[in-house]
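Asker: This is the structure I have questions about; it appears just below.
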Amino acid sequence: MVAVKNLRKTFNSLVAVDDVSFTIDSGEVFGLLGPNGAGKTTIINMIVGLLKPDNGAINVDGSDDPTRIDVRMRIGNAPQAVALYESLTARENLTFFGKVYGLSGRRLKERVDWALSFARLEDRAKDRVDTFSGGMKRRLNMAGAVVHDPPVILFDEPTVGVDPQSRNLIFDSIEDLKRQGRTIVYTTHYMEEAQRLCDRVAVMDRGKILDLNTVDNLIEKHGGKAVIIAIFDTPPQDLSQFPGTIEGNTLRIETMQPTQDLVNLAQAGLKFRQLRVDRPDLETVFLNLTGRSLRD
Amino acid sequence: MGKIFTLAGKDLKLLLRDKASLFWVMAFPLAIALFFGAIFSGSGGSLSGMKIAVIDEDNTDFSAAYITELEGQSALRVSQMTRDSAFQKVRTGKLSAFIVLRENFGEYRGMFSADPLIEIGLDPARRMEAGYLQGLLTRANFTVLQKQFASFELFHTELDRIESDTSIWNDLTAEQNQLGKDLLSDLRGIVNNLEQEAAPDSGDTIAAKTGGGDLFAVDITAVTDDQVMPRTPFEVTFPSALLWAMIGCAATFAVSIVKERTAGTYLRLRLAPLTRTHILGGKGLACFVACVSISIILLLIGNLILGVRIVNLLILAIGVFSASFCFVGLTMCMSVMGKTEESVGGAAWGILMVAAMTGGGMIPVLFMPSWLLTISHFSPAKWSILAIEGGIWRDFTMSEMLLPVGMLIGIGVLCFGVGIGLLSRSDA
Ligand SMILES: Nc1ncnc2c1ncn2[C@@H]1O[C@H](COP(=O)(O)OP(=O)(O)OP(=O)(O)O)[C@@H](O)[C@H]1O
Ligand SMILES: [Mg+2]
């Protein structure tokens with residue numbers, strides 16, 4: 001559905017995107033994960049045709065020129081910075097974007113209604129955007145990208161500056177789209193989001209893709225060991241059958257197979273006061289890949 | 001085309017919701033028209049009252065009749081006083097002007113004299129009113145003349161006076177002298193004929209005999225009357241108001257293009273299945289519609305409430321359309337002159353202000369030094385005012401409209417081209 005090959009973009013001497021290649025299947029949610037300045041937005045801008053790559057090829061929905069009018073119809077892009085007409089209402093904004101994409105009449109109204117419910121803004125439809133909270137604007141910004149029902153949708157950090165409640169609404173909406181079979185590119189620098197939403201994630205830093213895989217595979221490959229911490233009321237006599245170290249009442253196990261170890265602990269009939277498993281996540285993956293934390 | 005309408009509709013909606021811009025494109029021009037219109041015409045909405053003093057140094061029947069005529073003019077508030085106190089009052093701003101009817105004013109009937117017969121004393125800061133006052137004075141003169149001349153006796157007296165006035169004839173060559181004398185005797189012949197025709201009911205006026213006062217009435221209308229003179233100050237201030245409204249629109253829309261860039265909506269438009277023609281066409285159309293509709297609203301107010309005439313609706317429409325077109329071109333050009341709203345807004349107002357100043361929006365073209373006059377030939381403001389006045393009181397013919405309309409469209413197309421060229425470059 002979307003394929004980029006050997007993509008490269010420089011701004012003067014700065015290499016913003018360096019030899020990036022990936023292929024996104026139809027119906028897949030694809031994550032671009034990386035810290036500020038990694039090159040996520042630059043990649044998106046090249047995919048939608050706002051920026052011309054210095055090098056490399058782009059293919060969207062079978063066409064190698066995303067600036068072609070018929071290809072643009074099939075792409076929806078929610079820009080990273082909210083781009084809305086502040087003095088128009090939510091409905092007016094969506095109606096305008098719909099018309100610009102050639103919708104009219106009943107279909108336009110249907111799509112606008114759908115987009116309003118996608119953004120969970122049905123009851124604010126008649127309010128001007130400049131009266132909205134940041135999270136509402138973000139949701140409307142996303143709705144503006146899907147009002148014309150495109151098969152390929154790009155969301156560039158849709159959750160920046162959004163409270164947990166709005167964020168959950170956004171996740172639900174994206175999962176809706178996924179169920180409808182849309183192909184989605186999602187950029188973020190939040191691990192949890194990539195973990196929850198994305199089928200596959202490209203971990204990016206400084207213009208390069210460090211690795212690209214499913215979240216589980218990435219964690220398995222780069223996450224290192226999980227840590228099980230078990231605290232007992234009275235420590236058992238014999239723990240030699242378990243890996244790990246004991247210190248007072250606390251057992252600590254570093255393991256590549258936390259599930260299996262937990263099963264073993266349970267089968268031994270041990271009584272815990274507390275049991276905790278710290279699984280490695282994409283945060284750890286990033287740390288292990290770059291030696292740096294995702295956010296400073 | 002549908003998409004251009006969609007885009008333009010959105011921009012007009014945005015304009016309607018932007019109170020600050022609405023002020024500049026609607027309220028401010030209207031306020032200017034009303035304010036200066038009221039100042040020119042004296043107090044309040046009734047046109048009674050540019051305050052002037054008259055000093056009569058002539059003291060003849062003619063000067064007395066002239067003063068009575070001035071006093072009867074609704075646009076003037078006339079009082080008589082000495083020259084010194086009139087001078088003081090004008091200097092301190094209590095009066096707009098004083099006029100002195102000099103000796104010989106009556107004898108020459110206010111005309112055909114080698115020396116000026118009327119002296120006008122005006123506060124230099126209020127020169128803009130000079131033209132208007134001059135118009136009123138000339139009109140009064142003709143009205144008095146018309147009343148007094150309308151008997152054959154006066155006609156003969158006047159012809160005699162002209163014939164015996166050495167100051168007229170001395171400077172002429174022998175040839176010119178002969179021509180003049182021939183003309184005079186022809187005139188005497190005409191008057192004698194008319195007199196004989198009018199004999200049965202003698203004492204009647206020429207005016208009556210020549211079919212409703214045509215002889216002089218025609219002359220008077222041709223020189224001073226309604227047709228070629230603004231009849232009320234509002235006929236002068238409303239064309240300026242239209243100009244200011246268009247200036248406001250141009251500045252607003254120039255900024256709105258940058259606003260779309262900074263707000264990111266411009267990128268959204270570029271990602272949509274729109275061509276650059278759509279995007280610019282939409283902006284241009286919106287700006288054009290705004291200019292024209294505000295002009296219509298202002299003209300309706302002027303016409304219905306303040307008696308601004310529209311002598312030729314078609315010519316006026318052509319004038320308003322071509323001026324609007326020109327300002328749309330300017331908008332395109334100005335919108336690419338900066339990257340931020342502030343820089344474009346500042347540049348736009350600066351440019352438009354200079355255009356307005358050089359174009360007669362502030363300094364009347366009459367008072368411009370010659371170099372400024374040369375520049376003003378390229379000022380869209382000057383041609384806009386001319387083209388609009390063409391339909392309001394100048395009563396331009398189609399061929400007289402050609403020059404202003406041609407200049408406006410030329411400047412518009414030029415600016416449009418420059419704007420689009422620069423915009424394409426900045427998109428790349
Ligand atoms: N128009 C531009 N001109 C010059 N440099 C640019 C431009 N756009 C991006 N860059 C640079 O390219 C690099 C990548 O930027 P990009 O916006 O793609 O990062 P990002 O991954 O989207 O970051 P963020 O998470 O902050 O949005 C940055 O170093 C940025 O400074
Ligand atoms: Mg970004």
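Chain labels follow the order of the structure tokens: the first chain is A, the next B, and so on; residue numbering restarts at 1 in every chain, and ligands are counted from 1 in their shown order.
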Could you please extract the residues within 10 Å of ligand 2, counting only C-alpha atoms and all ligand atoms, and hand them back as a ChimeraX atom specification?
Answerer: /A:34-45,79-81,156-157,187-189
Asker: Can you check which residues of segment 45-82 of chain A DSSP gives as helix (DSSP H, G or I) on the backbone and send them as a PyMOL selection string?
Answerer: chain A and resi 45-48+69-72
Asker: Would you save the residues from that selection as a PDB file, in the first residue's frame, using N, CA and C atoms?
Answerer:
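As written to disk, part33.pdb reads:
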```
ATOM      1  N   ASN A  45       6.031  13.860   5.156  1.00  0.00           N
ATOM      2  CA  ASN A  45       5.889  14.898   4.137  1.00  0.00           C
ATOM      3  C   ASN A  45       6.326  14.412   2.765  1.00  0.00           C
ATOM      4  N   MET A  46       7.280  13.516   2.735  1.00  0.00           N
ATOM      5  CA  MET A  46       7.696  12.985   1.434  1.00  0.00           C
ATOM      6  C   MET A  46       6.656  11.992   0.912  1.00  0.00           C
ATOM      7  N   ILE A  47       6.082  11.214   1.843  1.00  0.00           N
ATOM      8  CA  ILE A  47       5.069  10.242   1.394  1.00  0.00           C
ATOM      9  C   ILE A  47       3.857  10.954   0.788  1.00  0.00           C
ATOM     10  N   VAL A  48       3.446  12.078   1.411  1.00  0.00           N
ATOM     11  CA  VAL A  48       2.255  12.756   0.898  1.00  0.00           C
ATOM     12  C   VAL A  48       2.587  13.727  -0.234  1.00  0.00           C
ATOM     13  N   ILE A  69      -3.369  14.213  -8.626  1.00  0.00           N
ATOM     14  CA  ILE A  69      -4.655  14.529  -8.005  1.00  0.00           C
ATOM     15  C   ILE A  69      -5.397  13.269  -7.557  1.00  0.00           C
ATOM     16  N   ASP A  70      -5.416  12.229  -8.395  1.00  0.00           N
ATOM     17  CA  ASP A  70      -6.185  11.037  -8.015  1.00  0.00           C
ATOM     18  C   ASP A  70      -5.531  10.291  -6.862  1.00  0.00           C
ATOM     19  N   VAL A  71      -4.225  10.436  -6.718  1.00  0.00           N
ATOM     20  CA  VAL A  71      -3.555   9.801  -5.580  1.00  0.00           C
ATOM     21  C   VAL A  71      -3.850  10.589  -4.304  1.00  0.00           C
ATOM     22  N   ARG A  72      -3.864  11.917  -4.426  1.00  0.00           N
ATOM     23  CA  ARG A  72      -4.156  12.746  -3.246  1.00  0.00           C
ATOM     24  C   ARG A  72      -5.519  12.415  -2.655  1.00  0.00           C
TER      25      ARG A  72
END
```
Asker: Pull out every residue of chain A sitting within 9 Å of chain B, counting only C-alpha atoms, and send them as a PyMOL selection string.
Answerer: chain A and resi 48-52+67-73+75-79+81-88+92+96-97+99-102+145
Asker: Once you have the residues from the selection above, write them out as a short mmCIF file (atom, residue, chain, number, x, y, z; two decimals), in the first residue's frame, restricted to N, CA and C atoms.
Answerer:
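After the write, part_11.cif holds the following:
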```cif
data_model
loop_
_atom_site.label_atom_id
_atom_site.label_comp_id
_atom_site.auth_asym_id
_atom_site.auth_seq_id
_atom_site.Cartn_x
_atom_site.Cartn_y
_atom_site.Cartn_z
N VAL A 48 3.45 12.08 1.41
CA VAL A 48 2.25 12.76 0.90
C VAL A 48 2.59 13.73 -0.23
N GLY A 49 3.86 13.91 -0.50
CA GLY A 49 4.22 14.72 -1.66
C GLY A 49 4.45 16.19 -1.37
N LEU A 50 4.53 16.56 -0.08
CA LEU A 50 4.82 17.96 0.24
C LEU A 50 6.30 18.27 0.06
N LEU A 51 7.13 17.23 0.28
CA LEU A 51 8.57 17.40 0.11
C LEU A 51 9.06 16.44 -0.96
N LYS A 52 10.00 16.90 -1.73
CA LYS A 52 10.59 16.04 -2.76
C LYS A 52 11.84 15.38 -2.16
N THR A 67 1.78 13.39 -5.70
CA THR A 67 1.19 14.70 -5.95
C THR A 67 0.10 14.63 -7.02
N ARG A 68 -0.05 13.46 -7.65
CA ARG A 68 -1.12 13.33 -8.64
C ARG A 68 -2.47 13.49 -7.96
N ILE A 69 -3.37 14.21 -8.63
CA ILE A 69 -4.66 14.53 -8.00
C ILE A 69 -5.40 13.27 -7.56
N ASP A 70 -5.42 12.23 -8.39
CA ASP A 70 -6.18 11.04 -8.01
C ASP A 70 -5.53 10.29 -6.86
N VAL A 71 -4.23 10.44 -6.72
CA VAL A 71 -3.56 9.80 -5.58
C VAL A 71 -3.85 10.59 -4.30
N ARG A 72 -3.86 11.92 -4.43
CA ARG A 72 -4.16 12.75 -3.25
C ARG A 72 -5.52 12.42 -2.66
N MET A 73 -6.47 12.08 -3.53
CA MET A 73 -7.81 11.71 -3.05
C MET A 73 -7.75 10.52 -2.11
N ILE A 75 -5.29 9.71 -0.02
CA ILE A 75 -4.44 9.90 1.16
C ILE A 75 -5.11 10.88 2.11
N GLY A 76 -5.03 10.55 3.40
CA GLY A 76 -5.48 11.51 4.41
C GLY A 76 -4.32 11.80 5.32
N ASN A 77 -4.09 13.09 5.61
CA ASN A 77 -2.94 13.43 6.44
C ASN A 77 -3.37 14.37 7.56
N ALA A 78 -3.15 13.95 8.79
CA ALA A 78 -3.39 14.85 9.92
C ALA A 78 -2.05 15.41 10.33
N PRO A 79 -1.78 16.68 9.98
CA PRO A 79 -0.46 17.23 10.24
C PRO A 79 -0.17 17.31 11.74
N ALA A 81 1.16 19.76 13.47
CA ALA A 81 0.62 20.99 14.04
C ALA A 81 -0.84 21.09 13.62
N VAL A 82 -1.71 21.37 14.59
CA VAL A 82 -3.13 21.47 14.29
C VAL A 82 -3.35 22.49 13.18
N ALA A 83 -4.04 22.08 12.13
CA ALA A 83 -4.28 22.98 11.00
C ALA A 83 -5.78 23.05 10.74
N LEU A 84 -6.40 24.05 11.35
CA LEU A 84 -7.86 24.22 11.24
C LEU A 84 -8.17 25.70 11.11
N TYR A 85 -9.38 25.99 10.64
CA TYR A 85 -9.84 27.38 10.62
C TYR A 85 -10.50 27.69 11.95
N GLU A 86 -9.83 28.50 12.75
CA GLU A 86 -10.24 28.70 14.13
C GLU A 86 -11.60 29.38 14.25
N SER A 87 -11.94 30.24 13.32
CA SER A 87 -13.20 30.95 13.50
C SER A 87 -14.37 30.23 12.82
N LEU A 88 -14.10 29.07 12.23
CA LEU A 88 -15.21 28.26 11.74
C LEU A 88 -15.57 27.22 12.81
N GLU A 92 -18.29 23.18 10.17
CA GLU A 92 -17.90 23.97 8.99
C GLU A 92 -16.51 23.57 8.50
N PHE A 96 -16.00 21.93 4.90
CA PHE A 96 -15.08 22.56 3.94
C PHE A 96 -14.08 21.54 3.40
N PHE A 97 -13.46 20.79 4.31
CA PHE A 97 -12.46 19.82 3.84
C PHE A 97 -13.12 18.76 2.95
N LYS A 99 -15.75 19.15 1.02
CA LYS A 99 -16.04 19.73 -0.30
C LYS A 99 -14.78 19.85 -1.14
N VAL A 100 -13.71 20.23 -0.47
CA VAL A 100 -12.45 20.38 -1.18
C VAL A 100 -12.02 19.04 -1.80
N TYR A 101 -12.42 17.95 -1.13
CA TYR A 101 -12.11 16.63 -1.68
C TYR A 101 -13.23 16.12 -2.58
N GLY A 102 -14.11 17.02 -2.96
CA GLY A 102 -15.08 16.67 -3.98
C GLY A 102 -16.37 16.05 -3.47
N ALA A 145 -8.66 14.71 8.41
CA ALA A 145 -7.86 13.89 7.50
C ALA A 145 -8.65 12.69 6.99
#
```
Asker: What does the structure give for the distance between atom CA of Asp65 of chain A and atom CA of Cys198 of chain A, in Å to one decimal?
Answerer: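 Distance between the two atoms: 26.1 Å.
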Asker: So, counting only C-alpha atoms and all ligand atoms, which residue among A:Ile170, A:Val146, A:Leu275, A:Leu32 is closest to ligand 1?
Answerer: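 Distance minimum relative to ligand 1 lands on A:Leu32.
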Asker: Separation of atom 28 (C, counted along the ligand's line) of ligand 1 and atom CA of Leu33 of chain A, in Å?
Answerer: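 These atoms are spaced 14.4 Å apart.
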